[in-house]
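Novice: Input structure: my_file.pdb, which contains PDB, N, CA and C atoms.
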ATOM      1  N   MET A   1     110.248  46.573 228.393  1.00  0.00           N
ATOM      2  CA  MET A   1     110.893  47.258 227.301  1.00  0.00           C
ATOM      3  C   MET A   1     109.809  47.702 226.327  1.00  0.00           C
ATOM      4  N   THR A   2     109.905  48.928 225.881  1.00  0.00           N
ATOM      5  CA  THR A   2     108.964  49.419 224.883  1.00  0.00           C
ATOM      6  C   THR A   2     109.731  49.756 223.608  1.00  0.00           C
ATOM      7  N   ILE A   3     109.121  49.421 222.491  1.00  0.00           N
ATOM      8  CA  ILE A   3     109.735  49.659 221.188  1.00  0.00           C
ATOM      9  C   ILE A   3     108.696  50.320 220.302  1.00  0.00           C
ATOM     10  N   ASP A   4     109.127  51.341 219.600  1.00  0.00           N
ATOM     11  CA  ASP A   4     108.265  52.038 218.655  1.00  0.00           C
ATOM     12  C   ASP A   4     107.675  51.017 217.669  1.00  0.00           C
ATOM     13  N   THR A   5     106.390  51.141 217.361  1.00  0.00           N
ATOM     14  CA  THR A   5     105.713  50.150 216.507  1.00  0.00           C
ATOM     15  C   THR A   5     106.319  50.065 215.114  1.00  0.00           C
ATOM     16  N   GLU A   6     106.755  51.190 214.548  1.00  0.00           N
ATOM     17  CA  GLU A   6     107.378  51.156 213.217  1.00  0.00           C
ATOM     18  C   GLU A   6     108.729  50.433 213.253  1.00  0.00           C
ATOM     19  N   VAL A   7     109.485  50.690 214.312  1.00  0.00           N
ATOM     20  CA  VAL A   7     110.784  50.021 214.467  1.00  0.00           C
ATOM     21  C   VAL A   7     110.566  48.527 214.637  1.00  0.00           C
ATOM     22  N   LEU A   8     109.586  48.166 215.438  1.00  0.00           N
ATOM     23  CA  LEU A   8     109.279  46.758 215.664  1.00  0.00           C
ATOM     24  C   LEU A   8     108.854  46.073 214.367  1.00  0.00           C
ATOM     25  N   LYS A   9     108.027  46.756 213.595  1.00  0.00           N
ATOM     26  CA  LYS A   9     107.571  46.205 212.314  1.00  0.00           C
ATOM     27  C   LYS A   9     108.761  45.985 211.378  1.00  0.00           C
ATOM     28  N   ASP A  10     109.641  46.976 211.275  1.00  0.00           N
ATOM     29  CA  ASP A  10     110.817  46.851 210.417  1.00  0.00           C
ATOM     30  C   ASP A  10     111.756  45.749 210.912  1.00  0.00           C
ATOM     31  N   ALA A  11     111.898  45.640 212.219  1.00  0.00           N
ATOM     32  CA  ALA A  11     112.768  44.609 212.795  1.00  0.00           C
ATOM     33  C   ALA A  11     112.230  43.213 212.504  1.00  0.00           C
ATOM     34  N   LYS A  12     110.911  43.048 212.581  1.00  0.00           N
ATOM     35  CA  LYS A  12     110.306  41.756 212.267  1.00  0.00           C
ATOM     36  C   LYS A  12     110.526  41.399 210.800  1.00  0.00           C
ATOM     37  N   LEU A  13     110.384  42.377 209.926  1.00  0.00           N
ATOM     38  CA  LEU A  13     110.635  42.143 208.501  1.00  0.00           C
ATOM     39  C   LEU A  13     112.094  41.768 208.255  1.00  0.00           C
ATOM     40  N   TYR A  14     112.993  42.463 208.937  1.00  0.00           N
ATOM     41  CA  TYR A  14     114.422  42.160 208.809  1.00  0.00           C
ATOM     42  C   TYR A  14     114.703  40.726 209.249  1.00  0.00           C
ATOM     43  N   ALA A  15     114.159  40.345 210.408  1.00  0.00           N
ATOM     44  CA  ALA A  15     114.382  38.995 210.927  1.00  0.00           C
ATOM     45  C   ALA A  15     113.831  37.950 209.968  1.00  0.00           C
ATOM     46  N   GLU A  16     112.635  38.177 209.478  1.00  0.00           N
ATOM     47  CA  GLU A  16     112.010  37.229 208.552  1.00  0.00           C
ATOM     48  C   GLU A  16     112.825  37.121 207.266  1.00  0.00           C
ATOM     49  N   LYS A  17     113.246  38.252 206.748  1.00  0.00           N
ATOM     50  CA  LYS A  17     114.032  38.285 205.501  1.00  0.00           C
ATOM     51  C   LYS A  17     115.349  37.518 205.653  1.00  0.00           C
ATOM     52  N   ASN A  18     115.923  37.533 206.854  1.00  0.00           N
ATOM     53  CA  ASN A  18     117.199  36.868 207.103  1.00  0.00           C
ATOM     54  C   ASN A  18     117.045  35.488 207.738  1.00  0.00           C
ATOM     55  N   GLY A  19     115.809  34.993 207.795  1.00  0.00           N
ATOM     56  CA  GLY A  19     115.569  33.650 208.323  1.00  0.00           C
ATOM     57  C   GLY A  19     115.877  33.505 209.798  1.00  0.00           C
ATOM     58  N   GLU A  20     115.657  34.554 210.540  1.00  0.00           N
ATOM     59  CA  GLU A  20     115.920  34.535 211.975  1.00  0.00           C
ATOM     60  C   GLU A  20     114.670  34.938 212.738  1.00  0.00           C
ATOM     61  N   SER A  21     114.674  34.632 214.022  1.00  0.00           N
ATOM     62  CA  SER A  21     113.581  35.113 214.869  1.00  0.00           C
ATOM     63  C   SER A  21     113.953  36.510 215.354  1.00  0.00           C
ATOM     64  N   LEU A  22     112.955  37.276 215.697  1.00  0.00           N
ATOM     65  CA  LEU A  22     113.209  38.621 216.220  1.00  0.00           C
ATOM     66  C   LEU A  22     114.001  38.533 217.529  1.00  0.00           C
ATOM     67  N   SER A  23     113.660  37.560 218.347  1.00  0.00           N
ATOM     68  CA  SER A  23     114.399  37.369 219.602  1.00  0.00           C
ATOM     69  C   SER A  23     115.872  37.079 219.327  1.00  0.00           C
ATOM     70  N   GLY A  24     116.140  36.270 218.319  1.00  0.00           N
ATOM     71  CA  GLY A  24     117.514  35.942 217.956  1.00  0.00           C
ATOM     72  C   GLY A  24     118.283  37.158 217.477  1.00  0.00           C
ATOM     73  N   VAL A  25     117.621  37.993 216.670  1.00  0.00           N
ATOM     74  CA  VAL A  25     118.259  39.215 216.175  1.00  0.00           C
ATOM     75  C   VAL A  25     118.601  40.141 217.342  1.00  0.00           C
ATOM     76  N   ILE A  26     117.646  40.315 218.250  1.00  0.00           N
ATOM     77  CA  ILE A  26     117.859  41.194 219.401  1.00  0.00           C
ATOM     78  C   ILE A  26     118.959  40.636 220.297  1.00  0.00           C
ATOM     79  N   GLN A  27     118.946  39.335 220.541  1.00  0.00           N
ATOM     80  CA  GLN A  27     119.961  38.724 221.392  1.00  0.00           C
ATOM     81  C   GLN A  27     121.349  38.877 220.781  1.00  0.00           C
ATOM     82  N   LYS A  28     121.460  38.647 219.475  1.00  0.00           N
ATOM     83  CA  LYS A  28     122.757  38.779 218.803  1.00  0.00           C
ATOM     84  C   LYS A  28     123.253  40.224 218.892  1.00  0.00           C
ATOM     85  N   TYR A  29     122.360  41.170 218.681  1.00  0.00           N
ATOM     86  CA  TYR A  29     122.736  42.578 218.762  1.00  0.00           C
ATOM     87  C   TYR A  29     123.206  42.945 220.171  1.00  0.00           C
ATOM     88  N   LEU A  30     122.460  42.516 221.173  1.00  0.00           N
ATOM     89  CA  LEU A  30     122.834  42.836 222.550  1.00  0.00           C
ATOM     90  C   LEU A  30     124.153  42.175 222.930  1.00  0.00           C
ATOM     91  N   PHE A  31     124.389  40.970 222.445  1.00  0.00           N
ATOM     92  CA  PHE A  31     125.660  40.293 222.711  1.00  0.00           C
ATOM     93  C   PHE A  31     126.817  41.082 222.105  1.00  0.00           C
ATOM     94  N   GLU A  32     126.672  41.489 220.846  1.00  0.00           N
ATOM     95  CA  GLU A  32     127.725  42.269 220.189  1.00  0.00           C
ATOM     96  C   GLU A  32     127.929  43.608 220.879  1.00  0.00           C
ATOM     97  N   LEU A  33     126.857  44.215 221.292  1.00  0.00           N
ATOM     98  CA  LEU A  33     126.923  45.507 221.964  1.00  0.00           C
ATOM     99  C   LEU A  33     127.689  45.415 223.276  1.00  0.00           C
ATOM    100  N   THR A  34     127.435  44.370 224.039  1.00  0.00           N
ATOM    101  CA  THR A  34     128.076  44.240 225.349  1.00  0.00           C
ATOM    102  C   THR A  34     129.467  43.638 225.267  1.00  0.00           C
ATOM    103  N   SER A  35     129.785  42.919 224.207  1.00  0.00           N
ATOM    104  CA  SER A  35     131.107  42.302 224.124  1.00  0.00           C
ATOM    105  C   SER A  35     132.153  43.249 223.551  1.00  0.00           C
ATOM    106  N   VAL A  36     131.753  44.425 223.061  1.00  0.00           N
ATOM    107  CA  VAL A  36     132.698  45.391 222.512  1.00  0.00           C
ATOM    108  C   VAL A  36     133.732  45.779 223.561  1.00  0.00           C
ATOM    109  N   SER A  37     133.296  45.992 224.773  1.00  0.00           N
ATOM    110  CA  SER A  37     134.224  46.414 225.818  1.00  0.00           C
ATOM    111  C   SER A  37     135.191  45.304 226.201  1.00  0.00           C
ATOM    112  N   LYS A  38     134.897  44.074 225.846  1.00  0.00           N
ATOM    113  CA  LYS A  38     135.763  42.951 226.179  1.00  0.00           C
ATOM    114  C   LYS A  38     136.822  42.704 225.107  1.00  0.00           C
ATOM    115  N   ARG A  39     136.723  43.395 223.988  1.00  0.00           N
ATOM    116  CA  ARG A  39     137.711  43.231 222.926  1.00  0.00           C
ATOM    117  C   ARG A  39     139.030  43.839 223.348  1.00  0.00           C
ATOM    118  N   ARG A  40     140.107  43.281 222.800  1.00  0.00           N
ATOM    119  CA  ARG A  40     141.425  43.821 223.098  1.00  0.00           C
ATOM    120  C   ARG A  40     141.641  45.116 222.324  1.00  0.00           C
ATOM    121  N   THR A  41     142.232  46.059 222.977  1.00  0.00           N
ATOM    122  CA  THR A  41     142.559  47.314 222.323  1.00  0.00           C
ATOM    123  C   THR A  41     143.983  47.233 221.785  1.00  0.00           C
ATOM    124  N   ILE A  42     144.376  48.194 220.991  1.00  0.00           N
ATOM    125  CA  ILE A  42     145.739  48.241 220.464  1.00  0.00           C
ATOM    126  C   ILE A  42     146.743  48.358 221.602  1.00  0.00           C
ATOM    127  N   VAL A  43     146.371  49.052 222.667  1.00  0.00           N
ATOM    128  CA  VAL A  43     147.256  49.182 223.821  1.00  0.00           C
ATOM    129  C   VAL A  43     147.467  47.822 224.474  1.00  0.00           C
ATOM    130  N   ASP A  44     146.392  47.042 224.609  1.00  0.00           N
ATOM    131  CA  ASP A  44     146.513  45.699 225.175  1.00  0.00           C
ATOM    132  C   ASP A  44     147.480  44.855 224.349  1.00  0.00           C
ATOM    133  N   MET A  45     147.340  44.927 223.036  1.00  0.00           N
ATOM    134  CA  MET A  45     148.200  44.133 222.156  1.00  0.00           C
ATOM    135  C   MET A  45     149.655  44.581 222.247  1.00  0.00           C
ATOM    136  N   MET A  46     149.879  45.878 222.324  1.00  0.00           N
ATOM    137  CA  MET A  46     151.256  46.376 222.396  1.00  0.00           C
ATOM    138  C   MET A  46     151.908  46.007 223.717  1.00  0.00           C
ATOM    139  N   GLU A  47     151.141  45.956 224.788  1.00  0.00           N
ATOM    140  CA  GLU A  47     151.698  45.566 226.083  1.00  0.00           C
ATOM    141  C   GLU A  47     152.169  44.115 226.073  1.00  0.00           C
ATOM    142  N   GLU A  48     151.568  43.282 225.239  1.00  0.00           N
ATOM    143  CA  GLU A  48     151.988  41.888 225.133  1.00  0.00           C
ATOM    144  C   GLU A  48     153.387  41.761 224.551  1.00  0.00           C
ATOM    145  N   PHE A  49     153.797  42.725 223.739  1.00  0.00           N
ATOM    146  CA  PHE A  49     155.131  42.678 223.137  1.00  0.00           C
ATOM    147  C   PHE A  49     156.230  42.883 224.165  1.00  0.00           C
ATOM    148  N   GLY A  50     155.946  43.630 225.199  1.00  0.00           N
ATOM    149  CA  GLY A  50     156.959  43.927 226.197  1.00  0.00           C
ATOM    150  C   GLY A  50     157.856  45.056 225.717  1.00  0.00           C
ATOM    151  N   PRO A  51     158.919  45.319 226.476  1.00  0.00           N
ATOM    152  CA  PRO A  51     159.801  46.422 226.100  1.00  0.00           C
ATOM    153  C   PRO A  51     160.598  46.094 224.833  1.00  0.00           C
ATOM    154  N   SER A  52     160.953  47.130 224.114  1.00  0.00           N
ATOM    155  CA  SER A  52     161.711  46.984 222.878  1.00  0.00           C
ATOM    156  C   SER A  52     163.153  46.615 223.179  1.00  0.00           C
ATOM    157  N   THR A  53     163.734  45.790 222.322  1.00  0.00           N
ATOM    158  CA  THR A  53     165.142  45.418 222.468  1.00  0.00           C
ATOM    159  C   THR A  53     166.025  46.224 221.519  1.00  0.00           C
ATOM    160  N   ILE A  54     165.435  47.148 220.780  1.00  0.00           N
ATOM    161  CA  ILE A  54     166.180  47.960 219.827  1.00  0.00           C
ATOM    162  C   ILE A  54     166.728  49.194 220.539  1.00  0.00           C
ATOM    163  N   ASP A  55     167.998  49.468 220.291  1.00  0.00           N
ATOM    164  CA  ASP A  55     168.642  50.651 220.860  1.00  0.00           C
ATOM    165  C   ASP A  55     167.924  51.902 220.351  1.00  0.00           C
ATOM    166  N   PRO A  56     167.480  52.785 221.227  1.00  0.00           N
ATOM    167  CA  PRO A  56     166.751  53.980 220.799  1.00  0.00           C
ATOM    168  C   PRO A  56     167.573  54.896 219.889  1.00  0.00           C
ATOM    169  N   LYS A  57     168.900  54.767 219.943  1.00  0.00           N
ATOM    170  CA  LYS A  57     169.762  55.605 219.108  1.00  0.00           C
ATOM    171  C   LYS A  57     170.095  54.935 217.778  1.00  0.00           C
ATOM    172  N   ALA A  58     169.583  53.729 217.553  1.00  0.00           N
ATOM    173  CA  ALA A  58     169.914  52.982 216.338  1.00  0.00           C
ATOM    174  C   ALA A  58     169.301  53.628 215.109  1.00  0.00           C
ATOM    175  N   ASP A  59     169.960  53.415 213.976  1.00  0.00           N
ATOM    176  CA  ASP A  59     169.455  53.889 212.686  1.00  0.00           C
ATOM    177  C   ASP A  59     168.451  52.844 212.196  1.00  0.00           C
ATOM    178  N   LEU A  60     167.175  53.119 212.347  1.00  0.00           N
ATOM    179  CA  LEU A  60     166.134  52.136 212.024  1.00  0.00           C
ATOM    180  C   LEU A  60     166.122  51.773 210.547  1.00  0.00           C
ATOM    181  N   LYS A  61     166.423  52.719 209.711  1.00  0.00           N
ATOM    182  CA  LYS A  61     166.467  52.452 208.275  1.00  0.00           C
ATOM    183  C   LYS A  61     167.575  51.434 207.973  1.00  0.00           C
ATOM    184  N   GLU A  62     168.731  51.625 208.581  1.00  0.00           N
ATOM    185  CA  GLU A  62     169.853  50.700 208.374  1.00  0.00           C
ATOM    186  C   GLU A  62     169.515  49.308 208.916  1.00  0.00           C
ATOM    187  N   LEU A  63     168.891  49.252 210.091  1.00  0.00           N
ATOM    188  CA  LEU A  63     168.479  47.954 210.653  1.00  0.00           C
ATOM    189  C   LEU A  63     167.497  47.241 209.730  1.00  0.00           C
ATOM    190  N   TYR A  64     166.601  48.009 209.143  1.00  0.00           N
ATOM    191  CA  TYR A  64     165.622  47.442 208.206  1.00  0.00           C
ATOM    192  C   TYR A  64     166.343  46.778 207.030  1.00  0.00           C
ATOM    193  N   TYR A  65     167.284  47.493 206.440  1.00  0.00           N
ATOM    194  CA  TYR A  65     168.005  46.936 205.291  1.00  0.00           C
ATOM    195  C   TYR A  65     168.870  45.748 205.679  1.00  0.00           C
ATOM    196  N   GLN A  66     169.424  45.753 206.867  1.00  0.00           N
ATOM    197  CA  GLN A  66     170.217  44.607 207.343  1.00  0.00           C
ATOM    198  C   GLN A  66     169.332  43.371 207.499  1.00  0.00           C
ATOM    199  N   GLU A  67     168.168  43.546 208.067  1.00  0.00           N
ATOM    200  CA  GLU A  67     167.239  42.418 208.249  1.00  0.00           C
ATOM    201  C   GLU A  67     166.777  41.872 206.902  1.00  0.00           C
ATOM    202  N   ARG A  68     166.498  42.750 205.967  1.00  0.00           N
ATOM    203  CA  ARG A  68     166.097  42.304 204.616  1.00  0.00           C
ATOM    204  C   ARG A  68     167.230  41.539 203.946  1.00  0.00           C
ATOM    205  N   ALA A  69     168.461  42.018 204.116  1.00  0.00           N
ATOM    206  CA  ALA A  69     169.612  41.334 203.530  1.00  0.00           C
ATOM    207  C   ALA A  69     169.758  39.933 204.102  1.00  0.00           C
ATOM    208  N   LYS A  70     169.556  39.799 205.407  1.00  0.00           N
ATOM    209  CA  LYS A  70     169.624  38.464 206.037  1.00  0.00           C
ATOM    210  C   LYS A  70     168.516  37.565 205.510  1.00  0.00           C
ATOM    211  N   LYS A  71     167.336  38.119 205.406  1.00  0.00           N
ATOM    212  CA  LYS A  71     166.175  37.328 205.007  1.00  0.00           C
ATOM    213  C   LYS A  71     166.264  36.885 203.549  1.00  0.00           C
ATOM    214  N   TYR A  72     166.680  37.796 202.669  1.00  0.00           N
ATOM    215  CA  TYR A  72     166.671  37.507 201.234  1.00  0.00           C
ATOM    216  C   TYR A  72     168.061  37.219 200.673  1.00  0.00           C
ATOM    217  N   GLY A  73     169.087  37.284 201.514  1.00  0.00           N
ATOM    218  CA  GLY A  73     170.428  36.895 201.093  1.00  0.00           C
ATOM    219  C   GLY A  73     171.102  37.824 200.107  1.00  0.00           C
ATOM    220  N   PHE A  74     170.957  39.098 200.258  1.00  0.00           N
ATOM    221  CA  PHE A  74     171.703  40.020 199.394  1.00  0.00           C
ATOM    222  C   PHE A  74     172.381  41.084 200.192  1.00  0.00           C
TER     223      PHE A  74
END
As a first step, turn the structure in this file into structure tokens.
Specialist:
Amino acid sequence: MTIDTEVLKDAKLYAEKNGESLSGVIQKYLFELTSVSKRRTIVDMMEEFGPSTIDPKADLKELYYQERAKKYGF
């Protein structure tokens, strides 16, 4: 691996300023870089909910107010 000398100098200063080794900084960065693809996306999260149980023809505004009335007792 080759790194520009100015970038390397700045990276060493950054590591020293933050009380870390340069190897540690690089390893942490590479870990974060490669683990991004392993994060759950919004689509993944929505698939966990499964299909909706709400009637597609329902008045969502009315359902909202009904749920609030149940929750807060008015």
Novice: Find the spatial neighbours of A:Val25, counting only C-alpha atoms, within a cut-off of 12 Å - ignore same-chain residues fewer than 3 positions away - and output them as a short mmCIF file (atom, residue, chain, number, x, y, z; two decimals) with N, CA and C atoms, in the frame of the given file.
Specialist:
data_model
loop_
_atom_site.label_atom_id
_atom_site.label_comp_id
_atom_site.auth_asym_id
_atom_site.auth_seq_id
_atom_site.Cartn_x
_atom_site.Cartn_y
_atom_site.Cartn_z
N LEU A 8 109.59 48.17 215.44
CA LEU A 8 109.28 46.76 215.66
C LEU A 8 108.85 46.07 214.37
N ALA A 11 111.90 45.64 212.22
CA ALA A 11 112.77 44.61 212.80
C ALA A 11 112.23 43.21 212.50
N LYS A 12 110.91 43.05 212.58
CA LYS A 12 110.31 41.76 212.27
C LYS A 12 110.53 41.40 210.80
N LEU A 13 110.38 42.38 209.93
CA LEU A 13 110.64 42.14 208.50
C LEU A 13 112.09 41.77 208.26
N TYR A 14 112.99 42.46 208.94
CA TYR A 14 114.42 42.16 208.81
C TYR A 14 114.70 40.73 209.25
N ALA A 15 114.16 40.34 210.41
CA ALA A 15 114.38 38.99 210.93
C ALA A 15 113.83 37.95 209.97
N GLU A 16 112.64 38.18 209.48
CA GLU A 16 112.01 37.23 208.55
C GLU A 16 112.82 37.12 207.27
N LYS A 17 113.25 38.25 206.75
CA LYS A 17 114.03 38.28 205.50
C LYS A 17 115.35 37.52 205.65
N ASN A 18 115.92 37.53 206.85
CA ASN A 18 117.20 36.87 207.10
C ASN A 18 117.04 35.49 207.74
N GLY A 19 115.81 34.99 207.80
CA GLY A 19 115.57 33.65 208.32
C GLY A 19 115.88 33.51 209.80
N GLU A 20 115.66 34.55 210.54
CA GLU A 20 115.92 34.53 211.98
C GLU A 20 114.67 34.94 212.74
N SER A 21 114.67 34.63 214.02
CA SER A 21 113.58 35.11 214.87
C SER A 21 113.95 36.51 215.35
N LEU A 22 112.96 37.28 215.70
CA LEU A 22 113.21 38.62 216.22
C LEU A 22 114.00 38.53 217.53
N LYS A 28 121.46 38.65 219.48
CA LYS A 28 122.76 38.78 218.80
C LYS A 28 123.25 40.22 218.89
N TYR A 29 122.36 41.17 218.68
CA TYR A 29 122.74 42.58 218.76
C TYR A 29 123.21 42.94 220.17
N LEU A 30 122.46 42.52 221.17
CA LEU A 30 122.83 42.84 222.55
C LEU A 30 124.15 42.18 222.93
N PHE A 31 124.39 40.97 222.44
CA PHE A 31 125.66 40.29 222.71
C PHE A 31 126.82 41.08 222.10
N GLU A 32 126.67 41.49 220.85
CA GLU A 32 127.72 42.27 220.19
C GLU A 32 127.93 43.61 220.88
#
Novice: Could you jot down the atom CA of A:Thr2 to atom C of A:Ile26 separation for me, Å, one decimal place?
Specialist: 14.1 Å
Novice: Quote the spacing between atom CA of A:Ile54 and atom C of A:Arg68 in Å to one decimal place.
Specialist: 17.2 Å
Novice: What does the distance from atom C of A:Ile3 to atom CA of A:Ser35 come to in Å, to one decimal?
Specialist: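 Rounded to one decimal, the two atoms are 24.1 Å apart.
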